[in-house]
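Data block below; observations after.
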Amino acid sequence: MGRIITPMAAFSTKVCIPALCILFSSLLPSPSTAARASPSSTIKAVNLGGWLVAEGWIEPSLFAGIPNNDLLDGTQVQFKSVAVGKYLCAENGGGSILVANRSSASGWETFKLWRVDQTHFQFRVFGKQFVGMEAGGGTEVVAVAVAPGRSETFEIVRRASNPDRVRIRAPSGLFLQAKMETSVTADARGDGSWGDDDPSVFVMTKFGRMQGEYQVTNGYGPDRAPAVMREHWKTFIVEEDFQFMKDNGLDAVRIPVGWWIARGANPPAPYVGGSLEALDNAFSWAGKYGLKVIIDLHAAPGSQNGYEHSGGRDGSIEWGTSDESIRQTVAAIEFLAQRYAGNPSLVAVELLNEPLAEGVSFDTLKGYYQAGYDAVRRHSSSAYVVMSARLSADAGELLAFAGALQGTVLDVHYYNLFSGMFDGMTVQQNIDYVHNKRAQQLGAITRSNGQPLTFVGEWVAEWQVQGATKEEYQRFGKAQMEVFGRATFGWAYWTFRNVHNHWSLHWMITNGYISLR
């Protein structure tokens, strides 16, 4: 979601940490370019999650037509040799040979898939090298390449009657086999019976499945993905939804987008063009029905947090590790600011959604934020600029910086989920937590001078309570709206449409669980 993630562990392994974001506009010397004043009334918004940045837990059907859709980019796999009874392992986590001598599997025994097509893959190991063949045309299998090529591309051949029983064909046409624990070679013909005595047969275990924009577009491939995504953009959010929002008391939308949107009709593979036209439609509909728009850069090149909603390939965090990734992100912000600065519906541009502290240094983030802020200001003096603090870092990390700027707004994301502390809470304990702890947290970042303003940019009327009644859900939602209504900029529900009912504000309003009137 704007950060986040999935509703239950069954749908994702991600953990949501309350995110801190900062929206601000500059105070410039000329009255004609003065910063936007505090809003005359706080906003009630909804996130359009899963639309222009795909998330499989929000709309699983989008991924249903992908061949071998359990083997998408970023899926983690482990291979156990049926002959020696041990797991394949990249010795030392990479940079050496493959062996088959581990009785249990952990990081060195886990491979991240890079999908080439529905049957061919590249295997990324713990140290980020790729499995491949030894140099010079030998048969030994190693993990030394820092970038994959033909020698690092393998075919997974699945047994028809048991698709998790596999053989792995090397570029030579021969199959990997583990005849002994100390080495893995690519010299088997693969014509055995799939029995437990065949050293070319492995049992494949899969976990950590990712279902984001990269996975859906690369999964369908260049021939099918454009049509699939165009249909999704055309039907998942429509004009009538904006009318529904207005008629039911909402006055703004937060729209997650990916960095590739700035490339128009020809984004880099595997992404496909068309989401920009959908965003144009959203602005048109927002204008027609009097709604404001927050553009949220949800996905940056290389991924800023490793989550599927950040557009990454395999869960690695590689945004900010090169000047080029920063340059591309600034360019996307400048493109969006220039395109929509003159549109009266634009209220804010979010520079980056939820960078993760473990992968993004504070200095790198501040440098980018300055560049992104400058990019917005070249085109708009009034739009707020959203800056998210690093997940798992101190939530107050950017407070001093934000407070020194005119027109700042702090965005926090609050969920009574994604932490064991909520697992045993009753209905009343959840409601009390909102009235007490959440109110305290929000109060701690709310300044009397309005610098910064506060914004609860993501929340949901869902919890860990099992078997709750409609009336109990109503009380929980009402408590959050009461407390989050004290945010001096407003709030935004995650999300508008979702197959999981309580995560769908459309469903919650239609069925009487939430009323904004």
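Every chain in the structure tokens has a letter given in the order shown (A, B, ...), and although residue numbers restart at 1 in each chain, ligands are simply numbered from 1 in the order shown.
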
### Message
What's around region 449-454 of chain A at 8 Å? Count only C-alpha atoms, leave out sequence neighbours fewer than 6 positions away in its own chain, and write the answer as a list in words.
### Response
Phe24, Ser38, Ala402, Gly403, Ala404, Leu405, Gln406, Gly407, Thr408, Val409, Leu410, Asp411, Val412, Leu442, Ala487, Thr488, Phe489 and Gly490 of chain A

Written file, previous selection with N, CA and C atoms, as a PDB file, in the first residue's frame:
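File produced: out37.pdb:
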```
ATOM      1  N   PHE A  24       5.411  18.849   1.705  1.00  0.00           N
ATOM      2  CA  PHE A  24       5.698  20.242   1.974  1.00  0.00           C
ATOM      3  C   PHE A  24       5.761  21.038   0.692  1.00  0.00           C
ATOM      4  N   SER A  38      -2.348  26.448   4.706  1.00  0.00           N
ATOM      5  CA  SER A  38      -3.005  25.289   5.292  1.00  0.00           C
ATOM      6  C   SER A  38      -4.371  25.111   4.658  1.00  0.00           C
ATOM      7  N   ALA A 402      11.474  18.906   8.188  1.00  0.00           N
ATOM      8  CA  ALA A 402      10.149  19.316   7.724  1.00  0.00           C
ATOM      9  C   ALA A 402       9.678  20.568   8.445  1.00  0.00           C
ATOM     10  N   GLY A 403       9.920  20.616   9.739  1.00  0.00           N
ATOM     11  CA  GLY A 403       9.439  21.748  10.504  1.00  0.00           C
ATOM     12  C   GLY A 403      10.080  23.063  10.141  1.00  0.00           C
ATOM     13  N   ALA A 404      11.253  23.013   9.521  1.00  0.00           N
ATOM     14  CA  ALA A 404      11.953  24.227   9.117  1.00  0.00           C
ATOM     15  C   ALA A 404      11.449  24.757   7.786  1.00  0.00           C
ATOM     16  N   LEU A 405      10.532  24.039   7.150  1.00  0.00           N
ATOM     17  CA  LEU A 405      10.032  24.417   5.834  1.00  0.00           C
ATOM     18  C   LEU A 405       8.574  24.832   5.936  1.00  0.00           C
ATOM     19  N   GLN A 406       8.188  25.760   5.136  1.00  0.00           N
ATOM     20  CA  GLN A 406       6.800  26.211   5.112  1.00  0.00           C
ATOM     21  C   GLN A 406       5.917  25.189   4.396  1.00  0.00           C
ATOM     22  N   GLY A 407       4.704  25.033   4.890  1.00  0.00           N
ATOM     23  CA  GLY A 407       3.723  24.182   4.222  1.00  0.00           C
ATOM     24  C   GLY A 407       4.029  22.711   4.315  1.00  0.00           C
ATOM     25  N   THR A 408       4.651  22.263   5.395  1.00  0.00           N
ATOM     26  CA  THR A 408       4.968  20.844   5.527  1.00  0.00           C
ATOM     27  C   THR A 408       3.777  20.054   6.046  1.00  0.00           C
ATOM     28  N   VAL A 409       3.713  18.789   5.597  1.00  0.00           N
ATOM     29  CA  VAL A 409       2.668  17.869   6.066  1.00  0.00           C
ATOM     30  C   VAL A 409       3.307  16.522   6.329  1.00  0.00           C
ATOM     31  N   LEU A 410       3.093  15.990   7.517  1.00  0.00           N
ATOM     32  CA  LEU A 410       3.658  14.700   7.910  1.00  0.00           C
ATOM     33  C   LEU A 410       2.645  13.596   7.658  1.00  0.00           C
ATOM     34  N   ASP A 411       3.045  12.552   6.910  1.00  0.00           N
ATOM     35  CA  ASP A 411       2.131  11.461   6.561  1.00  0.00           C
ATOM     36  C   ASP A 411       2.546  10.189   7.295  1.00  0.00           C
ATOM     37  N   VAL A 412       1.656   9.666   8.152  1.00  0.00           N
ATOM     38  CA  VAL A 412       1.896   8.417   8.857  1.00  0.00           C
ATOM     39  C   VAL A 412       0.874   7.377   8.425  1.00  0.00           C
ATOM     40  N   LEU A 442      -0.319  10.372  16.992  1.00  0.00           N
ATOM     41  CA  LEU A 442      -0.669  11.468  16.104  1.00  0.00           C
ATOM     42  C   LEU A 442      -0.443  12.813  16.789  1.00  0.00           C
ATOM     43  N   ALA A 487      -6.083  14.713  12.357  1.00  0.00           N
ATOM     44  CA  ALA A 487      -4.912  15.050  11.528  1.00  0.00           C
ATOM     45  C   ALA A 487      -5.201  16.347  10.791  1.00  0.00           C
ATOM     46  N   THR A 488      -4.285  17.259  10.852  1.00  0.00           N
ATOM     47  CA  THR A 488      -4.564  18.615  10.370  1.00  0.00           C
ATOM     48  C   THR A 488      -4.532  18.748   8.856  1.00  0.00           C
ATOM     49  N   PHE A 489      -4.121  17.717   8.155  1.00  0.00           N
ATOM     50  CA  PHE A 489      -4.223  17.705   6.694  1.00  0.00           C
ATOM     51  C   PHE A 489      -5.302  16.742   6.209  1.00  0.00           C
ATOM     52  N   GLY A 490      -5.504  15.624   6.943  1.00  0.00           N
ATOM     53  CA  GLY A 490      -6.548  14.680   6.575  1.00  0.00           C
ATOM     54  C   GLY A 490      -6.078  13.245   6.626  1.00  0.00           C
TER      55      GLY A 490
END
```

### Message
Please list as a PyMOL selection string every residue within 9 Å of Gln76 (chain A), counting only C-alpha atoms and excluding residues in the same chain fewer than 6 positions away.
### Response
chain A and resi 110-113+205-209+314

Would you put the residues from that selection into a file with C-alpha atoms, as a compact mmCIF listing (two decimals), in the first residue's frame?
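Here's the written file result_22.txt:
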```
# COMPACT_ATOMS: atom_id res chain seq x y z
CA THR A 110 17.82 -20.50 -1.66
CA PHE A 111 17.71 -19.16 -5.21
CA LYS A 112 15.67 -16.19 -6.47
CA LEU A 113 14.14 -16.65 -9.90
CA THR A 205 10.25 -26.04 -2.81
CA LYS A 206 8.81 -22.58 -3.52
CA PHE A 207 8.08 -19.65 -1.21
CA GLY A 208 8.24 -15.86 -1.04
CA ARG A 209 6.08 -15.42 -4.12
CA ASP A 314 13.31 -10.18 -6.88
```

### Non-local contacts of Met481 (chain A) (9 Å; only C-alpha atoms; under 5 positions in same chain excluded) as JSON, numbers by chain
{"A": [476, 486, 491, 516]}

Print the selection's residues with C-alpha atoms to a file, as a PDB file, in the first residue's frame.
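Listed below is the output, part_33.pdb:
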```
ATOM      1  CA  PHE A 476     -13.594   0.129  14.723  1.00  0.00           C
ATOM      2  CA  ARG A 486      -7.743  15.159  14.051  1.00  0.00           C
ATOM      3  CA  TRP A 491      -6.497  10.928   5.958  1.00  0.00           C
ATOM      4  CA  LEU A 516     -18.605   9.419   5.666  1.00  0.00           C
TER       5      LEU A 516
END
```

### Task
Just the residues within 12 Å of Gln429 (chain A), please, counting only C-alpha atoms, with nothing from its chain fewer than 5 positions along; format it as an MDAnalysis selection string.
chainID A and resid 416 421:424 434:437 463:465 472 475:476 479

Residues of the last selection are to be written out with N, CA and C atoms, as a PDB file, in the first residue's frame.
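again21.pdb, written as the output of this step:
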```pdb
ATOM      1  N   ASN A 416      -3.663  -1.668  12.582  1.00  0.00           N
ATOM      2  CA  ASN A 416      -3.668  -2.590  13.718  1.00  0.00           C
ATOM      3  C   ASN A 416      -3.429  -4.004  13.197  1.00  0.00           C
ATOM      4  N   MET A 421       1.819  -7.899  18.338  1.00  0.00           N
ATOM      5  CA  MET A 421       1.143  -7.250  19.461  1.00  0.00           C
ATOM      6  C   MET A 421      -0.364  -7.171  19.264  1.00  0.00           C
ATOM      7  N   PHE A 422      -0.827  -7.255  18.014  1.00  0.00           N
ATOM      8  CA  PHE A 422      -2.256  -7.158  17.743  1.00  0.00           C
ATOM      9  C   PHE A 422      -2.950  -8.517  17.693  1.00  0.00           C
ATOM     10  N   ASP A 423      -2.170  -9.601  17.693  1.00  0.00           N
ATOM     11  CA  ASP A 423      -2.755 -10.922  17.435  1.00  0.00           C
ATOM     12  C   ASP A 423      -3.829 -11.318  18.439  1.00  0.00           C
ATOM     13  N   GLY A 424      -3.618 -11.035  19.709  1.00  0.00           N
ATOM     14  CA  GLY A 424      -4.567 -11.479  20.722  1.00  0.00           C
ATOM     15  C   GLY A 424      -5.532 -10.416  21.187  1.00  0.00           C
ATOM     16  N   VAL A 434      -6.693   2.494  19.362  1.00  0.00           N
ATOM     17  CA  VAL A 434      -6.848   3.628  18.459  1.00  0.00           C
ATOM     18  C   VAL A 434      -7.060   4.914  19.256  1.00  0.00           C
ATOM     19  N   HIS A 435      -7.978   4.868  20.209  1.00  0.00           N
ATOM     20  CA  HIS A 435      -8.302   6.079  20.986  1.00  0.00           C
ATOM     21  C   HIS A 435      -7.131   6.538  21.853  1.00  0.00           C
ATOM     22  N   ASN A 436      -6.301   5.605  22.293  1.00  0.00           N
ATOM     23  CA  ASN A 436      -5.214   5.968  23.195  1.00  0.00           C
ATOM     24  C   ASN A 436      -3.865   6.065  22.479  1.00  0.00           C
ATOM     25  N   LYS A 437      -3.351   4.923  22.011  1.00  0.00           N
ATOM     26  CA  LYS A 437      -2.014   4.917  21.430  1.00  0.00           C
ATOM     27  C   LYS A 437      -1.942   5.677  20.118  1.00  0.00           C
ATOM     28  N   TRP A 463      -8.477  -5.934  10.995  1.00  0.00           N
ATOM     29  CA  TRP A 463      -7.719  -6.276  12.198  1.00  0.00           C
ATOM     30  C   TRP A 463      -7.501  -7.765  12.259  1.00  0.00           C
ATOM     31  N   GLN A 464      -6.958  -8.249  13.371  1.00  0.00           N
ATOM     32  CA  GLN A 464      -6.715  -9.679  13.549  1.00  0.00           C
ATOM     33  C   GLN A 464      -7.851 -10.377  14.268  1.00  0.00           C
ATOM     34  N   VAL A 465      -8.891  -9.641  14.631  1.00  0.00           N
ATOM     35  CA  VAL A 465     -10.041 -10.224  15.322  1.00  0.00           C
ATOM     36  C   VAL A 465     -10.777 -11.175  14.379  1.00  0.00           C
ATOM     37  N   GLU A 472     -19.310  -4.386  15.111  1.00  0.00           N
ATOM     38  CA  GLU A 472     -17.954  -4.225  15.671  1.00  0.00           C
ATOM     39  C   GLU A 472     -17.016  -3.588  14.642  1.00  0.00           C
ATOM     40  N   ARG A 475     -17.806   0.109  14.604  1.00  0.00           N
ATOM     41  CA  ARG A 475     -17.201   0.804  15.742  1.00  0.00           C
ATOM     42  C   ARG A 475     -15.705   1.027  15.522  1.00  0.00           C
ATOM     43  N   PHE A 476     -15.037   0.021  14.970  1.00  0.00           N
ATOM     44  CA  PHE A 476     -13.594   0.129  14.723  1.00  0.00           C
ATOM     45  C   PHE A 476     -13.308   1.195  13.669  1.00  0.00           C
ATOM     46  N   ALA A 479     -14.013   4.681  15.141  1.00  0.00           N
ATOM     47  CA  ALA A 479     -12.958   5.114  16.056  1.00  0.00           C
ATOM     48  C   ALA A 479     -11.766   5.679  15.297  1.00  0.00           C
TER      49      ALA A 479
END
```

### Task
Counting only C-alpha atoms, figure out which residue out of A:Arg224, A:Arg313, A:Arg254, A:Lys86 gets nearest to Gln211 (chain A).
A:Arg313

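Among the candidate residues A:Gly195, A:Gly65, A:Gly311, A:Gly420, the one lying nearest to Pro256 (chain A) is A:Gly311, with distances computed using only C-alpha atoms.
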
### Task
Go through A:Gly264, A:Gly258, A:Pro270, A:Gly249 one by one, measure the shortest atom-to-atom distance of each to Asp117 (chain A) using only C-alpha atoms, and give the residue with the smallest value.
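Answer, going by the shortest atom-to-atom distance: A:Pro270.
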
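Comparing the minimum interatomic distances between Arg102 (chain A) and each of A:Phe126, A:Tyr87, A:Tyr384, A:Tyr513, counting only C-alpha atoms, we find that A:Tyr87 sits nearest.
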
### Query
If you run DSSP on this backbone, which residues of region 334-468 of chain A come out as helix (DSSP H, G or I), and could you give them as a PyMOL selection string?
chain A and resi 334-340+362-377+399-403+420-422+427-444

Excluding region 332-344 of chain A and residues on its chain fewer than 5 positions from it, collect all residues at most 9 Å away from it, counting only C-alpha atoms, and give them as a PDB file with N, CA and C atoms, in the first residue's frame.
```
ATOM      1  N   GLY A 258       4.263   4.067 -10.914  1.00  0.00           N
ATOM      2  CA  GLY A 258       5.637   3.587 -11.018  1.00  0.00           C
ATOM      3  C   GLY A 258       6.479   4.551 -11.827  1.00  0.00           C
ATOM      4  N   TRP A 259       7.790   4.491 -11.616  1.00  0.00           N
ATOM      5  CA  TRP A 259       8.704   5.412 -12.293  1.00  0.00           C
ATOM      6  C   TRP A 259       8.629   5.298 -13.805  1.00  0.00           C
ATOM      7  N   TRP A 260       8.262   4.131 -14.301  1.00  0.00           N
ATOM      8  CA  TRP A 260       8.196   3.904 -15.754  1.00  0.00           C
ATOM      9  C   TRP A 260       7.074   4.689 -16.417  1.00  0.00           C
ATOM     10  N   ILE A 261       6.150   5.233 -15.646  1.00  0.00           N
ATOM     11  CA  ILE A 261       5.051   5.996 -16.233  1.00  0.00           C
ATOM     12  C   ILE A 261       5.571   7.199 -17.003  1.00  0.00           C
ATOM     13  N   ALA A 262       6.730   7.711 -16.587  1.00  0.00           N
ATOM     14  CA  ALA A 262       7.306   8.881 -17.252  1.00  0.00           C
ATOM     15  C   ALA A 262       7.841   8.556 -18.638  1.00  0.00           C
ATOM     16  N   ARG A 263       7.946   7.277 -18.978  1.00  0.00           N
ATOM     17  CA  ARG A 263       8.430   6.877 -20.302  1.00  0.00           C
ATOM     18  C   ARG A 263       7.295   6.756 -21.312  1.00  0.00           C
ATOM     19  N   ASP A 280      -4.005  10.332 -16.772  1.00  0.00           N
ATOM     20  CA  ASP A 280      -4.675  11.488 -17.390  1.00  0.00           C
ATOM     21  C   ASP A 280      -6.188  11.404 -17.187  1.00  0.00           C
ATOM     22  N   PHE A 283      -7.173  12.400 -13.664  1.00  0.00           N
ATOM     23  CA  PHE A 283      -7.204  13.850 -13.458  1.00  0.00           C
ATOM     24  C   PHE A 283      -8.459  14.463 -14.083  1.00  0.00           C
ATOM     25  N   GLY A 287     -11.313  16.331 -11.866  1.00  0.00           N
ATOM     26  CA  GLY A 287     -11.792  17.673 -12.148  1.00  0.00           C
ATOM     27  C   GLY A 287     -13.300  17.730 -12.305  1.00  0.00           C
ATOM     28  N   LYS A 292      -9.484  16.149  -5.358  1.00  0.00           N
ATOM     29  CA  LYS A 292      -8.072  16.480  -5.442  1.00  0.00           C
ATOM     30  C   LYS A 292      -7.255  15.200  -5.659  1.00  0.00           C
ATOM     31  N   ILE A 295      -0.334  12.474  -6.354  1.00  0.00           N
ATOM     32  CA  ILE A 295       0.428  11.502  -7.138  1.00  0.00           C
ATOM     33  C   ILE A 295       1.493  10.913  -6.228  1.00  0.00           C
ATOM     34  N   LEU A 297       4.650   8.387  -6.009  1.00  0.00           N
ATOM     35  CA  LEU A 297       5.635   7.542  -6.690  1.00  0.00           C
ATOM     36  C   LEU A 297       5.898   6.317  -5.820  1.00  0.00           C
ATOM     37  N   ARG A 327      18.934   9.516 -10.762  1.00  0.00           N
ATOM     38  CA  ARG A 327      18.639  10.381 -11.907  1.00  0.00           C
ATOM     39  C   ARG A 327      17.315   9.997 -12.546  1.00  0.00           C
ATOM     40  N   VAL A 349       2.608  15.921  -4.754  1.00  0.00           N
ATOM     41  CA  VAL A 349       3.423  14.919  -5.446  1.00  0.00           C
ATOM     42  C   VAL A 349       4.289  14.229  -4.396  1.00  0.00           C
ATOM     43  N   GLU A 350       4.169  12.920  -4.298  1.00  0.00           N
ATOM     44  CA  GLU A 350       4.977  12.153  -3.350  1.00  0.00           C
ATOM     45  C   GLU A 350       6.239  11.657  -4.038  1.00  0.00           C
ATOM     46  N   LEU A 351       7.400  12.017  -3.485  1.00  0.00           N
ATOM     47  CA  LEU A 351       8.673  11.723  -4.138  1.00  0.00           C
ATOM     48  C   LEU A 351       9.041  10.254  -4.115  1.00  0.00           C
ATOM     49  N   GLY A 372      14.487  15.956  -5.833  1.00  0.00           N
ATOM     50  CA  GLY A 372      13.098  15.793  -6.223  1.00  0.00           C
ATOM     51  C   GLY A 372      12.255  16.995  -5.877  1.00  0.00           C
ATOM     52  N   TYR A 373      12.514  17.577  -4.713  1.00  0.00           N
ATOM     53  CA  TYR A 373      11.804  18.792  -4.316  1.00  0.00           C
ATOM     54  C   TYR A 373      12.072  19.920  -5.312  1.00  0.00           C
ATOM     55  N   ASP A 374      13.340  20.078  -5.673  1.00  0.00           N
ATOM     56  CA  ASP A 374      13.690  21.129  -6.632  1.00  0.00           C
ATOM     57  C   ASP A 374      12.988  20.897  -7.968  1.00  0.00           C
ATOM     58  N   ALA A 375      12.874  19.628  -8.356  1.00  0.00           N
ATOM     59  CA  ALA A 375      12.212  19.303  -9.626  1.00  0.00           C
ATOM     60  C   ALA A 375      10.749  19.724  -9.606  1.00  0.00           C
ATOM     61  N   VAL A 376      10.061  19.453  -8.491  1.00  0.00           N
ATOM     62  CA  VAL A 376       8.661  19.865  -8.385  1.00  0.00           C
ATOM     63  C   VAL A 376       8.562  21.386  -8.397  1.00  0.00           C
ATOM     64  N   ARG A 377       9.428  22.036  -7.642  1.00  0.00           N
ATOM     65  CA  ARG A 377       9.350  23.485  -7.522  1.00  0.00           C
ATOM     66  C   ARG A 377       9.655  24.224  -8.828  1.00  0.00           C
ATOM     67  N   ARG A 378      10.350  23.576  -9.729  1.00  0.00           N
ATOM     68  CA  ARG A 378      10.574  24.208 -11.033  1.00  0.00           C
ATOM     69  C   ARG A 378       9.263  24.376 -11.798  1.00  0.00           C
ATOM     70  N   HIS A 379       8.246  23.658 -11.407  1.00  0.00           N
ATOM     71  CA  HIS A 379       6.981  23.683 -12.146  1.00  0.00           C
ATOM     72  C   HIS A 379       5.791  24.092 -11.293  1.00  0.00           C
ATOM     73  N   SER A 380       5.887  23.960  -9.978  1.00  0.00           N
ATOM     74  CA  SER A 380       4.762  24.315  -9.110  1.00  0.00           C
ATOM     75  C   SER A 380       5.261  24.862  -7.784  1.00  0.00           C
ATOM     76  N   SER A 381       4.708  25.986  -7.375  1.00  0.00           N
ATOM     77  CA  SER A 381       5.019  26.546  -6.062  1.00  0.00           C
ATOM     78  C   SER A 381       3.952  26.205  -5.039  1.00  0.00           C
ATOM     79  N   SER A 382       2.867  25.599  -5.494  1.00  0.00           N
ATOM     80  CA  SER A 382       1.739  25.370  -4.588  1.00  0.00           C
ATOM     81  C   SER A 382       1.506  23.911  -4.236  1.00  0.00           C
ATOM     82  N   ALA A 383       1.898  22.976  -5.084  1.00  0.00           N
ATOM     83  CA  ALA A 383       1.665  21.564  -4.783  1.00  0.00           C
ATOM     84  C   ALA A 383       2.532  21.141  -3.603  1.00  0.00           C
TER      85      ALA A 383
END
```

### Task
Find the residues around Arg124 (chain A) up to 10 Å (only C-alpha atoms counted), leave out those fewer than 5 positions away in its own chain, and share them as a ChimeraX atom specification.
/A:74,76,90,94,110-114,129-132,143,145-148,152,314

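The spacing separating CA of Val144 (chain A) from CA of Thr185 (chain A) amounts to 15.1 Å.
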
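With CA of Pro268 (chain A) on one side and CA of Ala331 (chain A) on the other, the separation reads 14.4 Å.
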
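Compared by their closest atoms to Val116 (chain A), and using only C-alpha atoms, the residues A:Ala225, A:Leu174, A:Ile58, A:Leu72 rank with A:Leu72 nearest.
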
### Message
When you look at Ser392 (chain A) with a cut-off of 7 Å (counting only C-alpha atoms), what residues show up, excluding the ones that are within fewer than 2 positions of it in the same chain? I need them as an NGL selection string.
### Response
:A and (17 or 356-357 or 390 or 394)

### Those of region 131-310 of chain A in DSSP strand (DSSP E), formatted as a ChimeraX atom specification
/A:131-133,141-145,154-159,162-169,175-180,183-188,202-207,252-258,292-299

### Residue among A:Val456, A:Ile326, A:Ala135, A:Leu250 lying closest to Tyr289 (chain A), counting only C-alpha atoms
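Residue with the minimum atom-to-atom distance to Tyr289 (chain A): A:Leu250.
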
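CA of Ser419 (chain A) to CA of Val125 (chain A) spans 29.0 Å [interatomic distance, one decimal].
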